[in-house]
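File shown: model_4.cif (mmCIF, C-alpha atoms and all ligand atoms).
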data_query
loop_
_atom_site.label_atom_id
_atom_site.label_comp_id
_atom_site.auth_asym_id
_atom_site.auth_seq_id
_atom_site.Cartn_x
_atom_site.Cartn_y
_atom_site.Cartn_z
CA MET A 1 64.24 85.37 109.78
CA PHE A 2 67.73 85.88 111.17
CA GLU A 3 67.11 84.64 114.69
CA THR A 4 68.58 81.17 114.30
CA GLU A 5 71.78 82.45 112.77
CA LEU A 6 72.18 85.15 115.40
CA PHE A 7 71.49 82.62 118.15
CA GLN A 8 74.16 80.33 116.73
CA LEU A 9 76.68 83.16 116.60
CA GLU A 10 75.92 83.94 120.22
CA GLN A 11 76.24 80.28 121.25
CA ASN A 12 79.64 80.12 119.55
CA HIS A 13 80.78 83.38 121.18
CA LEU A 14 81.08 84.95 117.74
CA LEU A 15 78.39 87.61 117.99
CA ARG A 16 79.79 91.07 117.23
CA SER A 17 78.49 94.33 118.58
CA LEU A 18 79.30 98.04 118.38
CA THR A 19 80.92 100.19 121.07
CA PRO A 20 79.96 103.89 120.85
CA ILE A 21 82.85 106.27 121.58
CA GLU A 22 81.73 109.52 123.19
CA SER A 23 84.87 111.62 122.70
CA CYS A 24 87.71 112.51 120.28
CA PRO A 25 89.78 109.53 119.12
CA GLY A 26 92.77 110.17 121.41
CA PRO A 27 94.84 107.70 123.46
CA HIS A 28 92.03 107.94 126.02
CA VAL A 29 88.38 107.89 125.03
CA THR A 30 85.10 108.11 126.88
CA ILE A 31 82.97 104.98 126.73
CA ASN A 32 79.79 104.72 128.80
CA GLY A 33 80.89 107.96 130.47
CA LYS A 34 84.13 106.35 131.63
CA ASP A 35 87.71 107.34 130.73
CA THR A 36 89.24 104.33 128.95
CA LEU A 37 92.69 103.68 127.53
CA LEU A 38 92.31 103.09 123.78
CA LEU A 39 94.48 100.19 122.68
CA CYS A 40 92.91 99.12 119.38
CA SER A 41 92.84 102.14 117.09
CA ASN A 42 94.66 102.24 113.76
CA ASP A 43 95.32 105.95 114.27
CA TYR A 44 98.98 104.96 114.73
CA LEU A 45 100.47 108.43 114.64
CA GLY A 46 97.71 110.02 116.71
CA LEU A 47 96.72 112.35 113.86
CA ALA A 48 92.95 111.69 113.77
CA ALA A 49 92.23 114.65 116.05
CA HIS A 50 95.35 116.68 115.21
CA PRO A 51 94.63 120.44 114.94
CA ALA A 52 96.32 120.64 111.52
CA LEU A 53 93.91 118.07 110.05
CA CYS A 54 90.87 119.65 111.70
CA LYS A 55 91.91 123.11 110.48
CA ALA A 56 92.53 121.91 106.90
CA ALA A 57 89.14 120.19 106.84
CA SER A 58 87.21 123.13 108.27
CA GLU A 59 88.89 125.65 105.93
CA ALA A 60 88.09 123.40 102.98
CA ILE A 61 84.46 123.15 104.08
CA LYS A 62 84.26 126.96 104.15
CA GLN A 63 85.62 127.20 100.62
CA TYR A 64 84.28 124.05 98.93
CA GLY A 65 81.24 123.03 101.01
CA PHE A 66 80.89 119.51 102.28
CA GLY A 67 79.53 116.94 99.81
CA SER A 68 81.29 116.27 96.50
CA GLY A 69 78.03 115.98 94.59
CA SER A 70 78.86 113.06 92.32
CA SER A 71 81.45 110.54 91.26
CA ARG A 72 84.94 111.63 90.21
CA LEU A 73 84.15 111.07 86.52
CA VAL A 74 81.11 113.33 86.68
CA SER A 75 81.43 116.54 88.73
CA GLY A 76 82.98 115.20 91.95
CA SER A 77 86.65 115.68 91.05
CA SER A 78 87.65 118.76 93.05
CA ILE A 79 91.09 120.31 92.84
CA LEU A 80 91.67 119.03 96.38
CA HIS A 81 91.37 115.44 95.08
CA HIS A 82 93.94 116.21 92.40
CA GLU A 83 96.27 117.99 94.80
CA LEU A 84 96.15 114.99 97.15
CA GLU A 85 96.90 112.61 94.29
CA HIS A 86 99.95 114.65 93.24
CA ARG A 87 101.17 114.64 96.82
CA LEU A 88 100.60 110.89 97.19
CA ALA A 89 102.53 110.13 94.00
CA ARG A 90 105.43 112.25 95.27
CA PHE A 91 105.26 110.61 98.70
CA LYS A 92 105.30 107.12 97.22
CA GLY A 93 107.86 107.95 94.51
CA THR A 94 105.58 106.92 91.64
CA ASP A 95 104.41 108.63 88.44
CA ALA A 96 100.82 108.90 89.58
CA ALA A 97 98.27 108.04 92.25
CA LEU A 98 94.51 107.69 92.48
CA VAL A 99 92.30 108.21 95.52
CA PHE A 100 89.58 105.69 96.36
CA ASN A 101 86.75 106.10 98.86
CA SER A 102 88.07 103.44 101.23
CA GLY A 103 90.62 100.68 101.39
CA TYR A 104 87.82 98.18 100.89
CA ALA A 105 86.72 99.99 97.72
CA ALA A 106 90.33 100.24 96.51
CA ASN A 107 91.13 96.56 96.89
CA THR A 108 87.88 95.32 95.40
CA GLY A 109 88.11 97.86 92.57
CA ILE A 110 91.79 97.37 91.69
CA ILE A 111 91.79 93.56 91.73
CA GLN A 112 88.49 93.23 89.89
CA ALA A 113 89.78 95.62 87.20
CA ILE A 114 93.16 93.99 86.74
CA ALA A 115 92.43 90.29 86.91
CA GLN A 116 90.10 88.65 84.42
CA ASP A 117 89.04 85.26 83.05
CA ASP A 118 92.36 83.90 81.86
CA ASP A 119 94.42 85.35 84.69
CA ILE A 120 95.88 83.88 87.87
CA ILE A 121 96.02 85.61 91.25
CA LEU A 122 98.36 84.41 93.99
CA SER A 123 97.06 85.65 97.34
CA ASP A 124 98.51 85.20 100.84
CA SER A 125 96.28 83.11 103.14
CA LEU A 126 96.14 85.94 105.71
CA ASN A 127 95.37 88.78 103.31
CA HIS A 128 92.71 91.29 104.38
CA ALA A 129 89.04 90.54 103.63
CA SER A 130 88.90 93.35 101.06
CA ILE A 131 91.61 91.57 99.03
CA VAL A 132 89.73 88.30 99.39
CA ASP A 133 86.57 89.99 98.12
CA GLY A 134 88.47 91.67 95.25
CA CYS A 135 89.73 88.23 94.22
CA ARG A 136 86.18 86.89 94.37
CA LEU A 137 84.89 89.74 92.20
CA SER A 138 87.54 89.17 89.55
CA ARG A 139 86.92 86.22 87.30
CA ALA A 140 90.49 85.01 87.67
CA GLN A 141 91.71 81.73 89.09
CA VAL A 142 92.66 82.48 92.70
CA LEU A 143 95.44 80.44 94.32
CA ILE A 144 96.04 80.88 98.03
CA TYR A 145 99.62 80.41 99.24
CA ARG A 146 100.53 79.61 102.83
CA HIS A 147 101.15 82.73 104.87
CA ASN A 148 104.40 84.43 103.80
CA ASP A 149 105.57 81.17 102.17
CA VAL A 150 107.13 82.32 98.89
CA ASN A 151 108.27 78.77 98.02
CA HIS A 152 104.66 77.65 98.16
CA ALA A 153 103.66 80.62 96.00
CA GLU A 154 106.27 79.61 93.42
CA GLU A 155 105.09 76.00 93.50
CA LEU A 156 101.57 77.21 92.67
CA PHE A 157 102.87 79.32 89.77
CA ARG A 158 104.72 76.29 88.42
CA LYS A 159 101.66 74.03 88.66
CA HIS A 160 99.11 76.40 87.18
CA HIS A 161 99.44 77.78 83.68
CA ALA A 162 98.05 81.25 82.96
CA SER A 163 97.33 82.37 79.42
CA GLY A 164 96.70 85.90 80.66
CA ARG A 165 98.14 88.05 83.47
CA ARG A 166 99.65 86.89 86.71
CA LEU A 167 99.08 88.94 89.85
CA ILE A 168 100.65 88.43 93.27
CA VAL A 169 98.87 90.29 96.06
CA THR A 170 99.87 90.66 99.69
CA ASP A 171 99.30 92.83 102.74
CA GLY A 172 102.50 94.81 103.47
CA VAL A 173 101.84 94.55 107.21
CA PHE A 174 99.29 91.89 108.13
CA SER A 175 96.38 93.54 109.89
CA MET A 176 95.63 90.93 112.54
CA ASP A 177 99.16 89.62 113.18
CA GLY A 178 101.38 92.65 112.70
CA ASP A 179 104.04 90.79 110.75
CA ILE A 180 105.64 92.07 107.54
CA ALA A 181 105.38 90.44 104.11
CA PRO A 182 108.63 89.10 102.59
CA LEU A 183 108.50 91.71 99.85
CA PRO A 184 112.04 91.22 98.44
CA ASP A 185 111.33 87.51 97.80
CA LEU A 186 107.94 88.34 96.31
CA VAL A 187 109.59 90.90 94.01
CA HIS A 188 112.02 88.22 92.78
CA LEU A 189 109.16 85.78 92.25
CA ALA A 190 107.15 88.39 90.33
CA GLU A 191 110.18 89.25 88.18
CA ARG A 192 110.91 85.57 87.43
CA TYR A 193 107.31 84.86 86.40
CA ASN A 194 106.60 88.18 84.71
CA ALA A 195 103.82 88.80 87.24
CA LEU A 196 102.37 92.03 88.59
CA LEU A 197 102.98 92.58 92.30
CA MET A 198 100.46 94.44 94.45
CA VAL A 199 101.05 95.39 98.07
CA ASP A 200 98.38 96.63 100.49
CA ASP A 201 100.15 99.15 102.70
CA ALA A 202 97.11 100.01 104.84
CA HIS A 203 99.11 99.38 108.02
CA ALA A 204 102.54 100.28 106.60
CA THR A 205 101.84 103.79 105.29
CA GLY A 206 103.25 106.31 107.77
CA VAL A 207 104.59 103.46 109.91
CA LEU A 208 107.23 101.49 107.97
CA GLY A 209 110.32 102.81 106.23
CA LYS A 210 112.83 105.43 107.29
CA THR A 211 110.48 108.25 106.33
CA GLY A 212 107.17 106.41 106.73
CA ARG A 213 106.63 105.76 103.03
CA GLY A 214 105.69 102.12 103.61
CA SER A 215 106.94 98.64 102.91
CA VAL A 216 108.65 99.47 99.60
CA GLU A 217 110.81 102.02 101.40
CA HIS A 218 111.34 99.61 104.31
CA PHE A 219 112.87 97.05 101.93
CA ASN A 220 114.48 99.53 99.54
CA LEU A 221 112.51 98.25 96.56
CA ALA A 222 111.72 101.52 94.80
CA GLY A 223 110.38 100.94 91.28
CA ARG A 224 109.97 97.16 91.71
CA VAL A 225 106.42 96.91 93.10
CA HIS A 226 103.88 97.69 90.39
CA ILE A 227 100.80 98.45 92.48
CA GLN A 228 101.09 100.12 95.88
CA MET A 229 97.75 100.48 97.60
CA GLY A 230 97.37 102.13 101.00
CA THR A 231 94.81 103.79 103.21
CA LEU A 232 94.46 107.37 104.41
CA SER A 233 92.36 106.25 107.37
CA LYS A 234 94.97 104.70 109.61
CA ALA A 235 98.34 106.40 110.28
CA LEU A 236 97.19 109.43 108.27
CA GLY A 237 94.25 109.91 110.63
CA SER A 238 91.90 110.79 107.77
CA PHE A 239 89.67 108.71 105.51
CA GLY A 240 89.86 107.00 102.13
CA ALA A 241 92.59 105.14 100.28
CA TYR A 242 94.99 105.41 97.37
CA VAL A 243 96.78 103.43 94.75
CA ALA A 244 100.18 104.58 93.49
CA GLY A 245 101.86 103.32 90.33
CA ASN A 246 102.67 104.27 86.77
CA CYS A 247 100.46 106.52 84.61
CA ASP A 248 99.06 103.64 82.55
CA LEU A 249 97.94 101.79 85.67
CA ILE A 250 96.18 104.87 87.03
CA GLU A 251 94.48 105.68 83.72
CA PHE A 252 93.42 102.04 83.39
CA LEU A 253 91.87 102.09 86.88
CA ILE A 254 90.03 105.37 86.18
CA ASN A 255 88.46 103.54 83.25
CA ARG A 256 87.97 100.10 84.70
CA ALA A 257 87.73 100.07 88.53
CA ARG A 258 84.01 99.85 89.23
CA SER A 259 84.25 100.99 92.86
CA PHE A 260 85.98 104.15 91.59
CA ILE A 261 83.68 104.79 88.63
CA TYR A 262 80.32 104.13 90.25
CA SER A 263 80.68 105.78 93.65
CA THR A 264 80.37 109.40 94.79
CA ALA A 265 83.75 111.08 95.35
CA LEU A 266 85.06 111.72 98.86
CA PRO A 267 84.14 115.13 100.28
CA PRO A 268 86.91 117.59 99.28
CA ALA A 269 87.47 118.46 102.96
CA VAL A 270 88.49 114.84 103.62
CA CYS A 271 91.15 115.20 100.91
CA ALA A 272 92.35 118.45 102.49
CA ALA A 273 92.78 116.65 105.83
CA SER A 274 94.74 113.82 104.13
CA THR A 275 97.05 116.35 102.46
CA ALA A 276 97.59 118.04 105.85
CA ALA A 277 98.50 114.63 107.30
CA LEU A 278 101.06 114.10 104.51
CA ASP A 279 102.56 117.51 105.33
CA LEU A 280 102.99 116.42 108.95
CA ILE A 281 104.42 113.01 108.08
CA GLU A 282 106.87 114.54 105.59
CA CYS A 283 108.19 117.18 108.02
CA GLU A 284 107.89 115.58 111.46
CA SER A 285 109.41 112.18 112.23
CA ILE A 286 108.62 112.59 115.93
CA HIS A 287 105.23 110.86 115.69
CA ARG A 288 106.70 107.77 114.05
CA GLU A 289 109.63 107.64 116.47
CA ARG A 290 107.25 107.86 119.42
CA LEU A 291 105.02 105.14 117.92
CA TRP A 292 107.93 102.69 117.62
CA LYS A 293 109.21 103.58 121.09
CA ASN A 294 105.77 102.79 122.51
CA ARG A 295 105.54 99.59 120.52
CA ASN A 296 108.93 98.39 121.75
CA LYS A 297 108.11 99.25 125.36
CA PHE A 298 104.75 97.46 125.26
CA ILE A 299 106.01 94.27 123.59
CA ALA A 300 108.95 94.09 126.02
CA GLY A 301 106.45 94.23 128.91
CA LEU A 302 104.30 91.53 127.32
CA ARG A 303 107.28 89.28 126.64
CA GLU A 304 108.34 89.58 130.26
CA LEU A 305 104.89 88.29 131.19
CA GLY A 306 105.25 85.38 128.75
CA ILE A 307 102.30 86.48 126.60
CA ASP A 308 101.99 84.90 123.15
CA THR A 309 102.29 87.85 120.75
CA GLY A 310 102.46 85.67 117.64
CA MET A 311 104.52 86.98 114.75
CA SER A 312 104.25 90.70 115.53
CA GLU A 313 107.00 92.95 114.15
CA THR A 314 105.03 96.22 114.15
CA PRO A 315 102.69 98.34 116.35
CA ILE A 316 99.98 95.69 115.81
CA ILE A 317 100.45 93.25 118.68
CA PRO A 318 97.99 90.37 119.08
CA LEU A 319 97.55 88.67 122.44
CA ILE A 320 96.84 85.21 121.08
CA ILE A 321 94.41 83.21 123.17
CA GLY A 322 92.93 80.67 120.73
CA ASP A 323 89.47 79.95 122.05
CA SER A 324 86.75 82.45 121.03
CA ALA A 325 84.79 82.31 124.31
CA LYS A 326 87.93 82.83 126.36
CA THR A 327 89.00 85.71 124.13
CA ALA A 328 85.65 87.47 124.41
CA GLU A 329 85.75 87.07 128.19
CA ALA A 330 89.34 88.37 128.42
CA ALA A 331 88.51 91.46 126.31
CA LYS A 332 85.47 92.12 128.51
CA LYS A 333 87.61 91.93 131.66
CA LEU A 334 90.29 94.16 130.16
CA PHE A 335 87.60 96.71 129.38
CA GLU A 336 86.38 96.54 132.99
CA TYR A 337 89.97 97.29 134.01
CA GLY A 338 89.94 100.44 131.88
CA VAL A 339 91.60 99.26 128.64
CA TYR A 340 89.71 98.93 125.37
CA ALA A 341 91.15 96.39 122.93
CA SER A 342 88.71 94.33 120.91
CA ALA A 343 88.40 90.56 120.67
CA ILE A 344 89.11 89.32 117.15
CA ARG A 345 87.56 85.97 116.38
CA PRO A 346 86.90 83.80 113.30
CA PRO A 347 86.17 84.39 110.48
CA THR A 348 88.42 87.48 110.76
CA VAL A 349 91.23 85.16 111.91
CA PRO A 350 91.60 81.39 111.35
CA ASP A 351 89.75 78.99 113.68
CA GLY A 352 91.53 78.42 116.98
CA THR A 353 93.55 81.66 116.79
CA ALA A 354 91.18 84.15 118.45
CA ARG A 355 93.03 87.05 120.00
CA ILE A 356 92.85 90.45 121.57
CA ARG A 357 94.35 92.72 118.91
CA THR A 358 96.24 95.59 120.50
CA THR A 359 97.67 98.53 118.59
CA LEU A 360 99.97 101.27 119.81
CA MET A 361 99.73 104.95 119.03
CA ALA A 362 102.35 107.71 119.06
CA SER A 363 100.10 109.59 121.48
CA HIS A 364 100.24 106.95 124.23
CA SER A 365 102.30 108.13 127.19
CA ASP A 366 104.78 105.97 129.14
CA GLN A 367 102.18 105.77 131.92
CA ASP A 368 99.58 104.51 129.42
CA ILE A 369 101.88 101.69 128.35
CA ASP A 370 102.73 100.81 131.98
CA MET A 371 99.03 100.77 132.82
CA ALA A 372 98.26 98.51 129.82
CA VAL A 373 101.01 96.05 130.84
CA ASP A 374 99.72 96.07 134.45
CA GLN A 375 96.20 95.21 133.33
CA VAL A 376 97.44 92.43 131.02
CA ARG A 377 99.41 91.06 134.00
CA ARG A 378 96.20 91.10 136.02
CA LEU A 379 94.38 89.19 133.26
CA LYS A 380 97.15 86.61 133.21
CA GLN A 381 97.15 86.23 137.00
CA GLU A 382 93.40 85.65 136.89
CA GLY A 383 93.85 82.93 134.25
CA HIS A 384 92.26 84.83 131.34
CA LEU A 385 95.42 84.67 129.21
N1 LIG A 401 93.46 96.58 103.84
C1 LIG A 401 93.83 96.28 105.09
C2 LIG A 401 95.09 95.48 105.28
C3 LIG A 401 93.07 96.71 106.18
O1 LIG A 401 93.43 96.40 107.42
C4 LIG A 401 91.91 97.48 105.94
C5 LIG A 401 91.04 98.06 107.06
N2 LIG A 401 91.09 97.55 108.25
C6 LIG A 401 91.55 97.75 104.63
C7 LIG A 401 92.35 97.30 103.60
C8 LIG A 401 90.30 98.52 104.33
O2 LIG A 401 90.51 99.87 104.49
P1 LIG A 401 89.30 100.86 104.84
O3 LIG A 401 89.07 100.75 106.31
O4 LIG A 401 89.77 102.20 104.40
O5 LIG A 401 88.13 100.37 104.04
#

What is this structure when it is put down as structure tokens?
Amino acid sequence: MFETELFQLEQNHLLRSLTPIESCPGPHVTINGKDTLLLCSNDYLGLAAHPALCKAASEAIKQYGFGSGSSRLVSGSSILHHELEHRLARFKGTDAALVFNSGYAANTGIIQAIAQDDDIILSDSLNHASIVDGCRLSRAQVLIYRHNDVNHAEELFRKHHASGRRLIVTDGVFSMDGDIAPLPDLVHLAERYNALLMVDDAHATGVLGKTGRGSVEHFNLAGRVHIQMGTLSKALGSFGAYVAGNCDLIEFLINRARSFIYSTALPPAVCAASTAALDLIECESIHRERLWKNRNKFIAGLRELGIDTGMSETPIIPLIIGDSAKTAEAAKKLFEYGVYASAIRPPTVPDGTARIRTTLMASHSDQDIDMAVDQVRRLKQEGHL
């Protein structure tokens, strides 16, 4: 039944497959029994295997068991969920916060709840798939503006009348390009058109801003972005997602976001690990400093080699190749040389922009970065890049 489609994907070098990791998610992992440098994890601060998170989770399991038993609105709302939400609201400087089971569930749930028939959504052309799917689930008119082009967004607002709400939605840091959304301009646009502004800080939480609070802190826009979504699964090294905003927004989502209402709550131990990660982020800036140091060292090495790193401004650094077959081959070679960074091809990125997406972690050593640059040099010398 699916053979033809799978065959076509293979022919077009677009077939995806899974790579089992046989060890803890550190800067080095074991794959096929071989020590490999991990260069594509979103565990930016290296907290996924941190003892403080593991201890918090195992202590919570002892006290609260593992499964949550039901959705938050039934019996799944443990005090650890509530404690995490208080901490997230404090961390983000908002009145309230709500935990979702994943970033995908958060984006689909929030957008579907907020935008309805008579509403208009303005969405960046490179927004994450979960935003795209949230827009599809809503019954609003969805207008796509050219990537980070606020003038184009305004033009679309001028051309299209909305009798209901207006929502602007953007990634804070774009997941496949590593560039940062022009949030100050989007805030002005939202204020001029009386629109709601939503930012997805999946890759900005713990990474951007003086104290790691995300893109709103980075741009000094406290109180001017209505809906701040983020994940707990990337820099926080845990699992799940959150939305932070005012009390009405949170109460509205508890009552209207289907992915929140109709899904079993996260295990309490996962919330305990997220809270432990917040403790670390709030008291230790060392992880973030190390992350940025590594990022700057790696991109300097790549620039010296003349590698096309696109628009990257963050620890997400794409090695843009363009052709899907060439990208798959280059990632395979890099893996043979001991570095794991996955090939990202359409439809995850636009046609003709396939890339190896590399990401830095705080836990990479100087030698790790040197080794990664050496292997990229080798790929280039062999004509793969
Ligand atoms: N938003 C962005 C920008 C992402 O990159 C991702 C995950 N890669 C998500 C949302 C979804 O988050 P999760 O993995 O928690 O479902």

Check your understanding: Quick one: of A:Met198, A:Leu156, A:Leu84, A:Leu15, who's nearest to ligand LIG 401 (chain A), counting all atoms listed in the file?
Key -> A:Met198

Exercise for review: Please write out the residues within 8 Å of ligand LIG 401 (chain A) as number ranges by chain, counting all atoms listed in the file.
Suggested key: A: 101-107, 127-131, 171-176, 200-203, 230-234, 239-241

Only C-alpha atoms, please: the residues just picked out, written as a short mmCIF file (atom, residue, chain, number, x, y, z; two decimals), in the coordinates of the input.
data_model
loop_
_atom_site.label_atom_id
_atom_site.label_comp_id
_atom_site.auth_asym_id
_atom_site.auth_seq_id
_atom_site.Cartn_x
_atom_site.Cartn_y
_atom_site.Cartn_z
CA ASN A 101 86.75 106.10 98.86
CA SER A 102 88.07 103.44 101.23
CA GLY A 103 90.62 100.68 101.39
CA TYR A 104 87.82 98.18 100.89
CA ALA A 105 86.72 99.99 97.72
CA ALA A 106 90.33 100.24 96.51
CA ASN A 107 91.13 96.56 96.89
CA ASN A 127 95.37 88.78 103.31
CA HIS A 128 92.71 91.29 104.38
CA ALA A 129 89.04 90.54 103.63
CA SER A 130 88.90 93.35 101.06
CA ILE A 131 91.61 91.57 99.03
CA ASP A 171 99.30 92.83 102.74
CA GLY A 172 102.50 94.81 103.47
CA VAL A 173 101.84 94.55 107.21
CA PHE A 174 99.29 91.89 108.13
CA SER A 175 96.38 93.54 109.89
CA MET A 176 95.63 90.93 112.54
CA ASP A 200 98.38 96.63 100.49
CA ASP A 201 100.15 99.15 102.70
CA ALA A 202 97.11 100.01 104.84
CA HIS A 203 99.11 99.38 108.02
CA GLY A 230 97.37 102.13 101.00
CA THR A 231 94.81 103.79 103.21
CA LEU A 232 94.46 107.37 104.41
CA SER A 233 92.36 106.25 107.37
CA LYS A 234 94.97 104.70 109.61
CA PHE A 239 89.67 108.71 105.51
CA GLY A 240 89.86 107.00 102.13
CA ALA A 241 92.59 105.14 100.28
#

Revision key, fill the gap. Residue with the minimum atom-to-atom distance to Arg158 (chain A), picked from A:Ile120, A:Ala343, A:Val132, A:Ile286 with only C-alpha atoms counted, is A:Ile120

Exercise for review: Record the distance separating CA of Asn294 (chain A) and CA of Leu208 (chain A), expressed in Å with one decimal.
Suggested key: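 Result for CA of Asn294 (chain A) versus CA of Leu208 (chain A): 14.7 Å, one decimal.
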
Review point. From the set A:Asp179, A:Glu382, A:Arg139, A:Ala272, which residue has the shortest atom-to-atom contact distance to Ala57 (chain A), counting all atoms listed in the file?
Key: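 Going through A:Asp179, A:Glu382, A:Arg139, A:Ala272 one by one, the smallest distance to Ala57 (chain A) is for A:Ala272.
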
Practice item. Counting only C-alpha atoms, figure out which residue out of A:Arg72, A:Arg258, A:Lys380, A:His28 gets nearest to Leu334 (chain A). Key: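 Looking at the shortest contact to Leu334 (chain A), the residue is A:Lys380.
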
Review point. Looking at A:Gly26, A:Gly69, A:Gly301, A:Pro20, which one is nearest to Ala265 (chain A), with distances taken over only C-alpha atoms?
Key: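 Once distances to Ala265 (chain A) are computed over only C-alpha atoms, the minimum belongs to A:Gly69.
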
Set the distance at 9 Å and use all atoms listed in the file: which residues neighbour Ile21 (chain A) once local chain neighbours fewer than 5 positions away are removed? I'd like the list as a PDB file with C-alpha atoms, keeping the file's coordinate frame.
ATOM      1  CA  VAL A  29      88.380 107.890 125.030  1.00  0.00           C
ATOM      2  CA  THR A  30      85.100 108.110 126.880  1.00  0.00           C
ATOM      3  CA  ILE A  31      82.970 104.980 126.730  1.00  0.00           C
ATOM      4  CA  ASN A  32      79.790 104.720 128.800  1.00  0.00           C
TER       5      ASN A  32
END

Exercise for review: For Gly237 (chain A), please output as number ranges by chain all residues within 12 Å (counting all atoms listed in the file; exclusion window: fewer than 6 positions along the same chain).
Suggested key: A: 24-26, 41-54, 202-203, 205-206, 231, 270-278, 280-281, 361-362

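Among the candidates A:Ala153, A:Leu9, A:Ala244, A:Ala235, the one nearest to His86 (chain A) when counting all atoms listed in the file is A:Ala244.
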
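For Lys332 (chain A), the set of protein, DNA and RNA residues having any atom at most 10 Å away, when counting all atoms listed in the file and skipping those fewer than 5 positions along the same chain, is Lys326, Thr327, Tyr337, Val339, Tyr340, Ala341, Ser342 and Ala343 of chain A.
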
Point to revise | Distance in Å - CA of His13 (chain A) versus CA of Arg136 (chain A) | key: 27.6 Å

Review point. In Å to one decimal, how far is CA of Ala204 (chain A) from CA of Asp279 (chain A)?
Key: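 Rounded to one decimal, the two atoms are 17.3 Å apart.
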
Practice item. Pick out the residues sitting within 8 Å of Leu98 (chain A), and hand them over as number ranges by chain; count all atoms listed in the file, and ignore anything fewer than 3 positions along from it in its own chain. Key: A: 85, 242-244, 250

Could the residues in this selection be written to a file with C-alpha atoms, as a PDB file, in the coordinates of the input?
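Heads up, here's the output in out_27.pdb:
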ATOM      1  CA  GLU A  85      96.900 112.610  94.290  1.00  0.00           C
ATOM      2  CA  TYR A 242      94.990 105.410  97.370  1.00  0.00           C
ATOM      3  CA  VAL A 243      96.780 103.430  94.750  1.00  0.00           C
ATOM      4  CA  ALA A 244     100.180 104.580  93.490  1.00  0.00           C
ATOM      5  CA  ILE A 250      96.180 104.870  87.030  1.00  0.00           C
TER       6      ILE A 250
END
